[in-house]
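Visitor: This is protein-v4.csv, which holds CSV, N, CA and C atoms:
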chain,number,residue,atom,x,y,z
A,1190,MET,N,0.8,-1.2,0.0
A,1190,MET,CA,0.0,0.0,0.0
A,1190,MET,C,0.9,1.2,0.0
A,1191,PHE,N,0.4,2.3,-0.6
A,1191,PHE,CA,1.1,3.6,-0.6
A,1191,PHE,C,0.3,4.7,0.0
A,1192,ALA,N,1.0,5.7,0.5
A,1192,ALA,CA,0.4,6.9,1.0
A,1192,ALA,C,0.9,8.1,0.3
A,1193,ARG,N,0.0,9.0,0.0
A,1193,ARG,CA,0.3,10.2,-0.7
A,1193,ARG,C,0.1,11.3,0.3
A,1194,HIS,N,1.1,12.1,0.6
A,1194,HIS,CA,1.2,13.1,1.7
A,1194,HIS,C,1.2,14.5,1.0
A,1195,VAL,N,0.2,15.3,1.1
A,1195,VAL,CA,0.1,16.6,0.4
A,1195,VAL,C,0.0,17.7,1.5
A,1196,THR,N,1.0,18.6,1.4
A,1196,THR,CA,1.0,19.8,2.3
A,1196,THR,C,0.6,21.0,1.5
A,1197,MET,N,-0.4,21.8,2.1
A,1197,MET,CA,-0.9,23.0,1.4
A,1197,MET,C,-0.9,24.1,2.4
A,1198,ARG,N,-0.6,25.3,1.8
A,1198,ARG,CA,-0.7,26.6,2.6
A,1198,ARG,C,-2.1,27.1,2.3
A,1199,LEU,N,-2.9,27.4,3.3
A,1199,LEU,CA,-4.2,27.9,3.2
A,1199,LEU,C,-4.2,29.4,3.1
A,1200,ARG,N,-5.2,30.0,2.3
A,1200,ARG,CA,-5.4,31.4,2.2
A,1200,ARG,C,-5.9,31.9,3.6
A,1201,ALA,N,-5.7,33.2,3.8
A,1201,ALA,CA,-6.2,33.8,5.1
A,1201,ALA,C,-7.8,33.5,5.2
A,1202,ASP,N,-8.2,33.1,6.3
A,1202,ASP,CA,-9.6,32.9,6.6
A,1202,ASP,C,-10.3,31.9,5.7
A,1203,SER,N,-9.5,30.9,5.3
A,1203,SER,CA,-10.2,29.9,4.4
A,1203,SER,C,-10.2,28.5,5.0
A,1204,VAL,N,-9.9,28.4,6.3
A,1204,VAL,CA,-9.8,27.0,6.9
A,1204,VAL,C,-11.2,26.3,6.8
A,1205,THR,N,-12.3,27.0,7.1
A,1205,THR,CA,-13.6,26.4,7.1
A,1205,THR,C,-14.0,26.1,5.6
A,1206,ARG,N,-13.7,27.0,4.7
A,1206,ARG,CA,-14.0,26.7,3.3
A,1206,ARG,C,-13.2,25.5,2.8
A,1207,PHE,N,-11.9,25.4,3.2
A,1207,PHE,CA,-11.1,24.3,2.8
A,1207,PHE,C,-11.7,23.0,3.2
A,1208,ALA,N,-12.1,22.9,4.5
A,1208,ALA,CA,-12.7,21.7,5.0
A,1208,ALA,C,-14.0,21.4,4.3
A,1209,VAL,N,-14.8,22.3,3.9
A,1209,VAL,CA,-16.1,22.1,3.2
A,1209,VAL,C,-15.8,21.5,1.8
A,1210,VAL,N,-14.8,22.1,1.1
A,1210,VAL,CA,-14.4,21.6,-0.2
A,1210,VAL,C,-13.9,20.2,-0.2
A,1211,ILE,N,-13.1,19.9,0.8
A,1211,ILE,CA,-12.6,18.5,1.0
A,1211,ILE,C,-13.8,17.6,1.2
A,1212,GLU,N,-14.6,17.9,2.1
A,1212,GLU,CA,-15.7,17.1,2.5
A,1212,GLU,C,-16.8,16.9,1.4
A,1213,THR,N,-17.1,17.9,0.7
A,1213,THR,CA,-18.2,17.9,-0.2
A,1213,THR,C,-17.8,17.6,-1.6
A,1214,GLU,N,-16.6,17.8,-2.0
A,1214,GLU,CA,-16.2,17.6,-3.4
A,1214,GLU,C,-15.0,16.7,-3.6
A,1215,VAL,N,-14.0,16.8,-2.8
A,1215,VAL,CA,-12.8,16.0,-3.0
A,1215,VAL,C,-13.0,14.5,-2.6
A,1216,ILE,N,-13.5,14.3,-1.4
A,1216,ILE,CA,-13.7,12.9,-0.9
A,1216,ILE,C,-14.5,12.1,-1.8
A,1217,ASP,N,-15.6,12.6,-2.3
A,1217,ASP,CA,-16.4,11.8,-3.2
A,1217,ASP,C,-15.6,11.4,-4.5
A,1218,LEU,N,-14.9,12.4,-5.0
A,1218,LEU,CA,-14.0,12.1,-6.2
A,1218,LEU,C,-13.0,11.0,-5.9
A,1219,LEU,N,-12.4,11.1,-4.7
A,1219,LEU,CA,-11.4,10.0,-4.3
A,1219,LEU,C,-12.1,8.6,-4.2
A,1220,ARG,N,-13.2,8.6,-3.6
A,1220,ARG,CA,-13.9,7.3,-3.4
A,1220,ARG,C,-14.2,6.6,-4.7
A,1221,ARG,N,-14.3,7.3,-5.8
A,1221,ARG,CA,-14.6,6.7,-7.1
A,1221,ARG,C,-13.3,6.3,-7.9
A,1222,GLN,N,-12.2,6.5,-7.3
A,1222,GLN,CA,-10.9,6.2,-7.9
A,1222,GLN,C,-10.6,4.7,-7.7
A,1223,PRO,N,-10.2,3.9,-8.7
A,1223,PRO,CA,-9.7,2.6,-8.5
A,1223,PRO,C,-8.5,2.6,-7.6
A,1224,GLY,N,-8.5,1.7,-6.6
A,1224,GLY,CA,-7.3,1.6,-5.8
A,1224,GLY,C,-7.3,2.5,-4.6
A,1225,PHE,N,-8.2,3.4,-4.5
A,1225,PHE,CA,-8.3,4.3,-3.3
A,1225,PHE,C,-8.7,3.5,-2.1
A,1226,VAL,N,-8.0,3.8,-1.0
A,1226,VAL,CA,-8.3,3.0,0.3
A,1226,VAL,C,-9.0,4.0,1.3
A,1227,ASP,N,-8.3,5.1,1.6
A,1227,ASP,CA,-8.8,6.0,2.7
A,1227,ASP,C,-8.1,7.3,2.6
A,1228,GLN,N,-8.6,8.3,3.4
A,1228,GLN,CA,-8.1,9.6,3.4
A,1228,GLN,C,-8.2,10.2,4.8
A,1229,ILE,N,-7.2,11.1,5.1
A,1229,ILE,CA,-7.1,11.8,6.4
A,1229,ILE,C,-6.8,13.3,6.0
A,1230,THR,N,-7.5,14.2,6.6
A,1230,THR,CA,-7.2,15.6,6.5
A,1230,THR,C,-6.9,16.2,7.8
A,1231,LEU,N,-5.8,16.9,7.9
A,1231,LEU,CA,-5.3,17.6,9.1
A,1231,LEU,C,-5.2,19.1,8.8
A,1232,ILE,N,-5.7,19.9,9.7
A,1232,ILE,CA,-5.6,21.4,9.5
A,1232,ILE,C,-5.0,22.0,10.7
A,1233,SER,N,-4.0,22.9,10.5
A,1233,SER,CA,-3.5,23.8,11.6
A,1233,SER,C,-3.9,25.2,11.4
A,1234,PRO,N,-5.0,25.6,12.0
A,1234,PRO,CA,-5.6,27.0,11.8
A,1234,PRO,C,-4.5,28.0,12.2
A,1235,GLU,N,-3.7,27.8,13.2
A,1235,GLU,CA,-2.7,28.7,13.6
A,1235,GLU,C,-1.7,29.0,12.6
A,1236,ASN,N,-1.3,28.0,11.8
A,1236,ASN,CA,-0.3,28.1,10.8
A,1236,ASN,C,-0.8,28.2,9.4
A,1237,ALA,N,-2.1,28.2,9.3
A,1237,ALA,CA,-2.8,28.2,7.9
A,1237,ALA,C,-2.2,27.1,7.0
A,1238,GLU,N,-2.1,25.9,7.6
A,1238,GLU,CA,-1.5,24.8,6.8
A,1238,GLU,C,-2.5,23.6,6.9
A,1239,ALA,N,-2.5,22.8,5.8
A,1239,ALA,CA,-3.3,21.6,5.8
A,1239,ALA,C,-2.5,20.5,5.2
A,1240,ILE,N,-2.7,19.3,5.7
A,1240,ILE,CA,-2.1,18.1,5.2
A,1240,ILE,C,-3.2,17.1,4.9
A,1241,VAL,N,-3.1,16.6,3.7
A,1241,VAL,CA,-4.1,15.5,3.3
A,1241,VAL,C,-3.3,14.3,2.9
A,1242,ILE,N,-3.6,13.2,3.6
A,1242,ILE,CA,-3.0,11.9,3.4
A,1242,ILE,C,-4.0,11.0,2.8
A,1243,THR,N,-3.7,10.5,1.6
A,1243,THR,CA,-4.5,9.5,1.0
A,1243,THR,C,-3.8,8.2,0.9
A,1244,PHE,N,-4.5,7.1,1.0
A,1244,PHE,CA,-3.9,5.7,1.0
A,1244,PHE,C,-4.4,5.0,-0.3
A,1245,TRP,N,-3.5,4.3,-0.9
A,1245,TRP,CA,-3.8,3.7,-2.2
A,1245,TRP,C,-3.3,2.2,-2.2
A,1246,GLN,N,-4.0,1.3,-2.8
A,1246,GLN,CA,-3.6,-0.1,-2.9
A,1246,GLN,C,-2.2,-0.3,-3.5
A,1247,THR,N,-2.0,0.5,-4.6
A,1247,THR,CA,-0.7,0.3,-5.3
A,1247,THR,C,-0.2,1.7,-5.7
A,1248,ARG,N,1.0,1.8,-6.0
A,1248,ARG,CA,1.6,3.0,-6.5
A,1248,ARG,C,1.0,3.4,-7.9
A,1249,GLU,N,0.7,2.4,-8.7
A,1249,GLU,CA,0.1,2.6,-10.0
A,1249,GLU,C,-1.3,3.3,-9.8
A,1250,SER,N,-2.1,2.9,-8.8
A,1250,SER,CA,-3.4,3.6,-8.5
A,1250,SER,C,-3.2,5.1,-8.2
A,1251,GLU,N,-2.2,5.4,-7.4
A,1251,GLU,CA,-1.9,6.7,-7.0
A,1251,GLU,C,-1.5,7.5,-8.2
A,1252,GLU,N,-0.6,6.9,-9.0
A,1252,GLU,CA,-0.1,7.6,-10.2
A,1252,GLU,C,-1.2,7.9,-11.2
A,1253,ALA,N,-2.1,6.9,-11.4
A,1253,ALA,CA,-3.2,7.2,-12.3
A,1253,ALA,C,-4.1,8.3,-11.8
A,1254,PHE,N,-4.3,8.4,-10.5
A,1254,PHE,CA,-5.1,9.5,-9.9
A,1254,PHE,C,-4.4,10.8,-10.2
A,1255,ASN,N,-3.1,10.8,-9.9
A,1255,ASN,CA,-2.3,12.0,-10.1
A,1255,ASN,C,-2.4,12.5,-11.5
A,1256,ARG,N,-2.3,11.6,-12.5
A,1256,ARG,CA,-2.4,12.0,-13.9
A,1256,ARG,C,-3.8,12.5,-14.3
A,1257,THR,N,-4.8,11.8,-13.9
A,1257,THR,CA,-6.1,12.0,-14.4
A,1257,THR,C,-7.0,12.9,-13.6
A,1258,GLN,N,-7.0,12.8,-12.2
A,1258,GLN,CA,-7.9,13.5,-11.4
A,1258,GLN,C,-7.3,14.6,-10.6
A,1259,ASN,N,-6.0,14.6,-10.3
A,1259,ASN,CA,-5.4,15.6,-9.5
A,1259,ASN,C,-5.6,17.0,-10.0
A,1260,PRO,N,-5.5,17.2,-11.3
A,1260,PRO,CA,-5.7,18.6,-11.8
A,1260,PRO,C,-7.1,19.1,-11.4
A,1261,GLU,N,-8.1,18.2,-11.4
A,1261,GLU,CA,-9.5,18.6,-11.0
A,1261,GLU,C,-9.6,19.0,-9.6
A,1262,VAL,N,-8.9,18.2,-8.7
A,1262,VAL,CA,-8.8,18.5,-7.3
A,1262,VAL,C,-8.2,19.8,-7.1
A,1263,LEU,N,-7.0,20.1,-7.7
A,1263,LEU,CA,-6.4,21.4,-7.6
A,1263,LEU,C,-7.3,22.5,-8.0
A,1264,GLU,N,-8.0,22.4,-9.0
A,1264,GLU,CA,-8.9,23.4,-9.5
A,1264,GLU,C,-10.0,23.7,-8.4
A,1265,LYS,N,-10.5,22.7,-7.8
A,1265,LYS,CA,-11.5,22.8,-6.7
A,1265,LYS,C,-10.9,23.6,-5.5
A,1266,LEU,N,-9.6,23.5,-5.3
A,1266,LEU,CA,-9.0,24.1,-4.1
A,1266,LEU,C,-8.3,25.5,-4.4
A,1267,LEU,N,-8.4,25.9,-5.7
A,1267,LEU,CA,-7.7,27.2,-6.1
A,1267,LEU,C,-8.1,28.4,-5.2
A,1268,ASN,N,-9.3,28.5,-4.8
A,1268,ASN,CA,-9.7,29.6,-4.0
A,1268,ASN,C,-9.4,29.5,-2.5
A,1269,VAL,N,-8.9,28.4,-2.1
A,1269,VAL,CA,-8.6,28.3,-0.6
A,1269,VAL,C,-7.2,28.0,-0.3
A,1270,ILE,N,-6.3,27.7,-1.3
A,1270,ILE,CA,-4.9,27.5,-1.0
A,1270,ILE,C,-4.1,28.5,-1.7
A,1271,GLU,N,-2.8,28.6,-1.2
A,1271,GLU,CA,-1.8,29.5,-1.8
A,1271,GLU,C,-0.7,28.7,-2.3
A,1272,GLY,N,-0.1,29.0,-3.5
A,1272,GLY,CA,1.0,28.3,-4.0
A,1272,GLY,C,0.7,26.9,-4.5
A,1273,THR,N,1.8,26.2,-4.7
A,1273,THR,CA,1.7,24.8,-5.2
A,1273,THR,C,1.8,23.8,-4.0
A,1274,PRO,N,0.9,22.9,-3.9
A,1274,PRO,CA,0.9,21.9,-2.9
A,1274,PRO,C,2.2,21.0,-3.0
A,1275,GLN,N,2.8,20.6,-1.9
A,1275,GLN,CA,3.9,19.8,-1.9
A,1275,GLN,C,3.5,18.3,-1.7
A,1276,ILE,N,3.9,17.5,-2.7
A,1276,ILE,CA,3.4,16.1,-2.7
A,1276,ILE,C,4.6,15.1,-2.5
A,1277,ASN,N,4.4,14.2,-1.5
A,1277,ASN,CA,5.4,13.2,-1.3
A,1277,ASN,C,4.7,11.8,-1.2
A,1278,LEU,N,5.3,10.8,-1.7
A,1278,LEU,CA,4.8,9.4,-1.7
A,1278,LEU,C,5.6,8.6,-0.7
A,1279,PHE,N,4.8,7.7,0.0
A,1279,PHE,CA,5.5,6.9,1.0
A,1279,PHE,C,4.9,5.4,0.8
A,1280,GLU,N,5.8,4.5,1.0
A,1280,GLU,CA,5.4,3.1,1.0
A,1280,GLU,C,4.9,2.8,2.4
A,1281,PHE,N,3.8,2.1,2.5
A,1281,PHE,CA,3.1,1.8,3.8
A,1281,PHE,C,3.9,0.7,4.5
A,1282,VAL,N,4.3,0.9,5.7
A,1282,VAL,CA,5.1,-0.1,6.4
A,1282,VAL,C,4.3,-0.8,7.5
A,1283,ASN,N,3.6,0.0,8.3
A,1283,ASN,CA,2.7,-0.7,9.3
A,1283,ASN,C,1.6,0.3,9.8
A,1284,TYR,N,0.7,-0.2,10.6
A,1284,TYR,CA,-0.4,0.5,11.0
A,1284,TYR,C,-0.7,0.1,12.5
A,1285,SER,N,-0.9,1.1,13.3
A,1285,SER,CA,-1.3,0.8,14.7
A,1285,SER,C,-2.3,1.9,15.1
A,1286,SER,N,-3.3,1.5,15.9
A,1286,SER,CA,-4.2,2.5,16.3
A,1286,SER,C,-4.5,2.2,17.8
A,1287,TYR,N,-5.1,3.2,18.4
A,1287,TYR,CA,-5.5,3.1,19.8
A,1287,TYR,C,-6.5,2.0,20.0
A,1288,HIS,N,-7.4,1.9,19.0
A,1288,HIS,CA,-8.5,0.9,19.1
A,1288,HIS,C,-7.9,-0.5,19.0
A,1289,GLN,N,-6.9,-0.7,18.2
A,1289,GLN,CA,-6.2,-2.0,18.1
A,1289,GLN,C,-5.5,-2.4,19.3
A,1290,ALA,N,-4.8,-1.4,19.9
A,1290,ALA,CA,-4.0,-1.6,21.1
A,1290,ALA,C,-4.9,-2.0,22.3
A,1291,LYS,N,-6.1,-1.6,22.4
A,1291,LYS,CA,-7.0,-1.9,23.5
A,1291,LYS,C,-7.5,-3.3,23.4
A,1292,ALA,N,-7.6,-3.8,22.2
A,1292,ALA,CA,-8.2,-5.1,22.0
A,1292,ALA,C,-7.4,-6.3,22.6
Mind converting the file's structure to structure tokens?
Guide:
Amino acid sequence: MFARHVTMRLRADSVTRFAVVIETEVIDLLRRQPGFVDQITLISPENAEAIVITFWQTRESEEAFNRTQNPEVLEKLLNVIEGTPQINLFEFVNYSSYHQAKA
């Protein structure tokens, strides 16, 4: 599995609008992509920064999304982000959660 880590600078006073765009437009688009597994969005209102991490079954799935749908996602975010998002790919090594630890 692969993770795509995207860091974005948010425009002033756009934290709420960013969250709405992700929730109402981007997540639905991701769910329709072959190989998409899950998504996490983190926002730091104090630093006007957002991190979106998406998980993909294969690197090829992520690369196909990047070629075909990422331009559409960026277009949806144009009014709420500044500059160019920074994208990094990571190979999935392990997963642990609080819920698993309690079991």
Visitor: Please report the interatomic distance between atom C of Pro1260 in chain A and atom N of Ile1216 in chain A in Å with one decimal.
Guide: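 Atom-to-atom, atom C of Pro1260 in chain A to atom N of Ile1216 in chain A, that is 12.8 Å.
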Visitor: Could you work out how far CA of Tyr1284 in chain A lies from CA of Pro1223 in chain A, giving the answer in Å with one decimal?
Guide: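 We find that CA of Pro1223 in chain A and CA of Tyr1284 in chain A lie 21.7 Å from each other.
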Visitor: Where does DSSP see strand (DSSP E) in range 1197-1273 of chain A, if you list the residues as a list in words?
Guide: Met1197, Arg1198, Leu1199, Phe1225, Val1226, Asp1227, Gln1228, Ile1229, Thr1230, Leu1231, Ile1232, Ser1233, Glu1238, Ala1239, Ile1240, Val1241, Ile1242, Thr1243, Phe1244, Trp1245, Ile1270, Glu1271, Gly1272 and Thr1273 of chain A
Visitor: Do you know which residues are at most 8 Å from Glu1214 in chain A counting all atoms listed in the file, after dropping those on the same chain fewer than 6 positions away, and could you put them as a PyMOL selection string?
Guide: chain A and resi 1208+1262+1265
Visitor: Which residue out of A:Val1282, A:Leu1267, A:Ile1242, A:Val1209 has the minimum interatomic distance to Thr1230 in chain A when all atoms listed in the file are used?
Guide: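 Smallest separation from Thr1230 in chain A among the options: A:Ile1242.
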Visitor: What are the DSSP helix (DSSP H, G or I) residues of chain A, as number ranges by chain?
Guide: A: 1204-1220, 1248-1257, 1259-1266, 1287-1291
Visitor: Would you list the contacts of range 1192-1200 of chain A as a list in words, taking every protein, DNA or RNA residue within 7 Å and counting all atoms listed in the file, but skipping same-chain residues closer than 4 positions in sequence?
Guide: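 Those residues are Val1204, Asn1236, Ala1237, Glu1238, Ala1239, Ile1240, Val1241, Ile1242, Thr1243, Phe1244, Trp1245, Asn1268, Val1269, Ile1270, Glu1271, Gly1272, Thr1273, Pro1274, Gln1275, Ile1276, Asn1277, Leu1278, Phe1279, Glu1280 and Phe1281 of chain A.
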Visitor: Rebuild range 1194-1212 of chain A so that it carries N, CA, C and O atoms, then output the result as a PDB file, keeping the file's coordinate frame.
Guide:
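The result, written out as rebuild27.pdb:
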ATOM      1  N   HIS A1194       1.100  12.100   0.600  1.00  0.00           N
ATOM      2  CA  HIS A1194       1.200  13.100   1.700  1.00  0.00           C
ATOM      3  C   HIS A1194       1.200  14.500   1.000  1.00  0.00           C
ATOM      4  O   HIS A1194       2.205  14.765   0.279  1.00  0.00           O
ATOM      5  N   VAL A1195       0.200  15.300   1.100  1.00  0.00           N
ATOM      6  CA  VAL A1195       0.100  16.600   0.400  1.00  0.00           C
ATOM      7  C   VAL A1195       0.000  17.700   1.500  1.00  0.00           C
ATOM      8  O   VAL A1195      -0.871  17.665   2.317  1.00  0.00           O
ATOM      9  N   THR A1196       1.000  18.600   1.400  1.00  0.00           N
ATOM     10  CA  THR A1196       1.000  19.800   2.300  1.00  0.00           C
ATOM     11  C   THR A1196       0.600  21.000   1.500  1.00  0.00           C
ATOM     12  O   THR A1196       1.117  21.244   0.462  1.00  0.00           O
ATOM     13  N   MET A1197      -0.400  21.800   2.100  1.00  0.00           N
ATOM     14  CA  MET A1197      -0.900  23.000   1.400  1.00  0.00           C
ATOM     15  C   MET A1197      -0.900  24.100   2.400  1.00  0.00           C
ATOM     16  O   MET A1197      -1.203  23.986   3.542  1.00  0.00           O
ATOM     17  N   ARG A1198      -0.600  25.300   1.800  1.00  0.00           N
ATOM     18  CA  ARG A1198      -0.700  26.600   2.600  1.00  0.00           C
ATOM     19  C   ARG A1198      -2.100  27.100   2.300  1.00  0.00           C
ATOM     20  O   ARG A1198      -2.531  27.181   1.120  1.00  0.00           O
ATOM     21  N   LEU A1199      -2.900  27.400   3.300  1.00  0.00           N
ATOM     22  CA  LEU A1199      -4.200  27.900   3.200  1.00  0.00           C
ATOM     23  C   LEU A1199      -4.200  29.400   3.100  1.00  0.00           C
ATOM     24  O   LEU A1199      -3.444  30.120   3.729  1.00  0.00           O
ATOM     25  N   ARG A1200      -5.200  30.000   2.300  1.00  0.00           N
ATOM     26  CA  ARG A1200      -5.400  31.400   2.200  1.00  0.00           C
ATOM     27  C   ARG A1200      -5.900  31.900   3.600  1.00  0.00           C
ATOM     28  O   ARG A1200      -6.554  31.120   4.299  1.00  0.00           O
ATOM     29  N   ALA A1201      -5.700  33.200   3.800  1.00  0.00           N
ATOM     30  CA  ALA A1201      -6.200  33.800   5.100  1.00  0.00           C
ATOM     31  C   ALA A1201      -7.800  33.500   5.200  1.00  0.00           C
ATOM     32  O   ALA A1201      -8.486  33.661   4.199  1.00  0.00           O
ATOM     33  N   ASP A1202      -8.200  33.100   6.300  1.00  0.00           N
ATOM     34  CA  ASP A1202      -9.600  32.900   6.600  1.00  0.00           C
ATOM     35  C   ASP A1202     -10.300  31.900   5.700  1.00  0.00           C
ATOM     36  O   ASP A1202     -11.470  31.981   5.455  1.00  0.00           O
ATOM     37  N   SER A1203      -9.500  30.900   5.300  1.00  0.00           N
ATOM     38  CA  SER A1203     -10.200  29.900   4.400  1.00  0.00           C
ATOM     39  C   SER A1203     -10.200  28.500   5.000  1.00  0.00           C
ATOM     40  O   SER A1203     -10.505  27.520   4.322  1.00  0.00           O
ATOM     41  N   VAL A1204      -9.900  28.400   6.300  1.00  0.00           N
ATOM     42  CA  VAL A1204      -9.800  27.000   6.900  1.00  0.00           C
ATOM     43  C   VAL A1204     -11.200  26.300   6.800  1.00  0.00           C
ATOM     44  O   VAL A1204     -11.261  25.164   6.411  1.00  0.00           O
ATOM     45  N   THR A1205     -12.300  27.000   7.100  1.00  0.00           N
ATOM     46  CA  THR A1205     -13.600  26.400   7.100  1.00  0.00           C
ATOM     47  C   THR A1205     -14.000  26.100   5.600  1.00  0.00           C
ATOM     48  O   THR A1205     -14.465  24.975   5.369  1.00  0.00           O
ATOM     49  N   ARG A1206     -13.700  27.000   4.700  1.00  0.00           N
ATOM     50  CA  ARG A1206     -14.000  26.700   3.300  1.00  0.00           C
ATOM     51  C   ARG A1206     -13.200  25.500   2.800  1.00  0.00           C
ATOM     52  O   ARG A1206     -13.723  24.700   2.010  1.00  0.00           O
ATOM     53  N   PHE A1207     -11.900  25.400   3.200  1.00  0.00           N
ATOM     54  CA  PHE A1207     -11.100  24.300   2.800  1.00  0.00           C
ATOM     55  C   PHE A1207     -11.700  23.000   3.200  1.00  0.00           C
ATOM     56  O   PHE A1207     -11.877  22.045   2.450  1.00  0.00           O
ATOM     57  N   ALA A1208     -12.100  22.900   4.500  1.00  0.00           N
ATOM     58  CA  ALA A1208     -12.700  21.700   5.000  1.00  0.00           C
ATOM     59  C   ALA A1208     -14.000  21.400   4.300  1.00  0.00           C
ATOM     60  O   ALA A1208     -14.258  20.177   4.017  1.00  0.00           O
ATOM     61  N   VAL A1209     -14.800  22.300   3.900  1.00  0.00           N
ATOM     62  CA  VAL A1209     -16.100  22.100   3.200  1.00  0.00           C
ATOM     63  C   VAL A1209     -15.800  21.500   1.800  1.00  0.00           C
ATOM     64  O   VAL A1209     -16.379  20.568   1.350  1.00  0.00           O
ATOM     65  N   VAL A1210     -14.800  22.100   1.100  1.00  0.00           N
ATOM     66  CA  VAL A1210     -14.400  21.600  -0.200  1.00  0.00           C
ATOM     67  C   VAL A1210     -13.900  20.200  -0.200  1.00  0.00           C
ATOM     68  O   VAL A1210     -14.334  19.331  -0.974  1.00  0.00           O
ATOM     69  N   ILE A1211     -13.100  19.900   0.800  1.00  0.00           N
ATOM     70  CA  ILE A1211     -12.600  18.500   1.000  1.00  0.00           C
ATOM     71  C   ILE A1211     -13.800  17.600   1.200  1.00  0.00           C
ATOM     72  O   ILE A1211     -13.894  16.522   0.544  1.00  0.00           O
ATOM     73  N   GLU A1212     -14.600  17.900   2.100  1.00  0.00           N
ATOM     74  CA  GLU A1212     -15.700  17.100   2.500  1.00  0.00           C
ATOM     75  C   GLU A1212     -16.800  16.900   1.400  1.00  0.00           C
ATOM     76  O   GLU A1212     -17.274  15.779   1.226  1.00  0.00           O
TER      77      GLU A1212
END
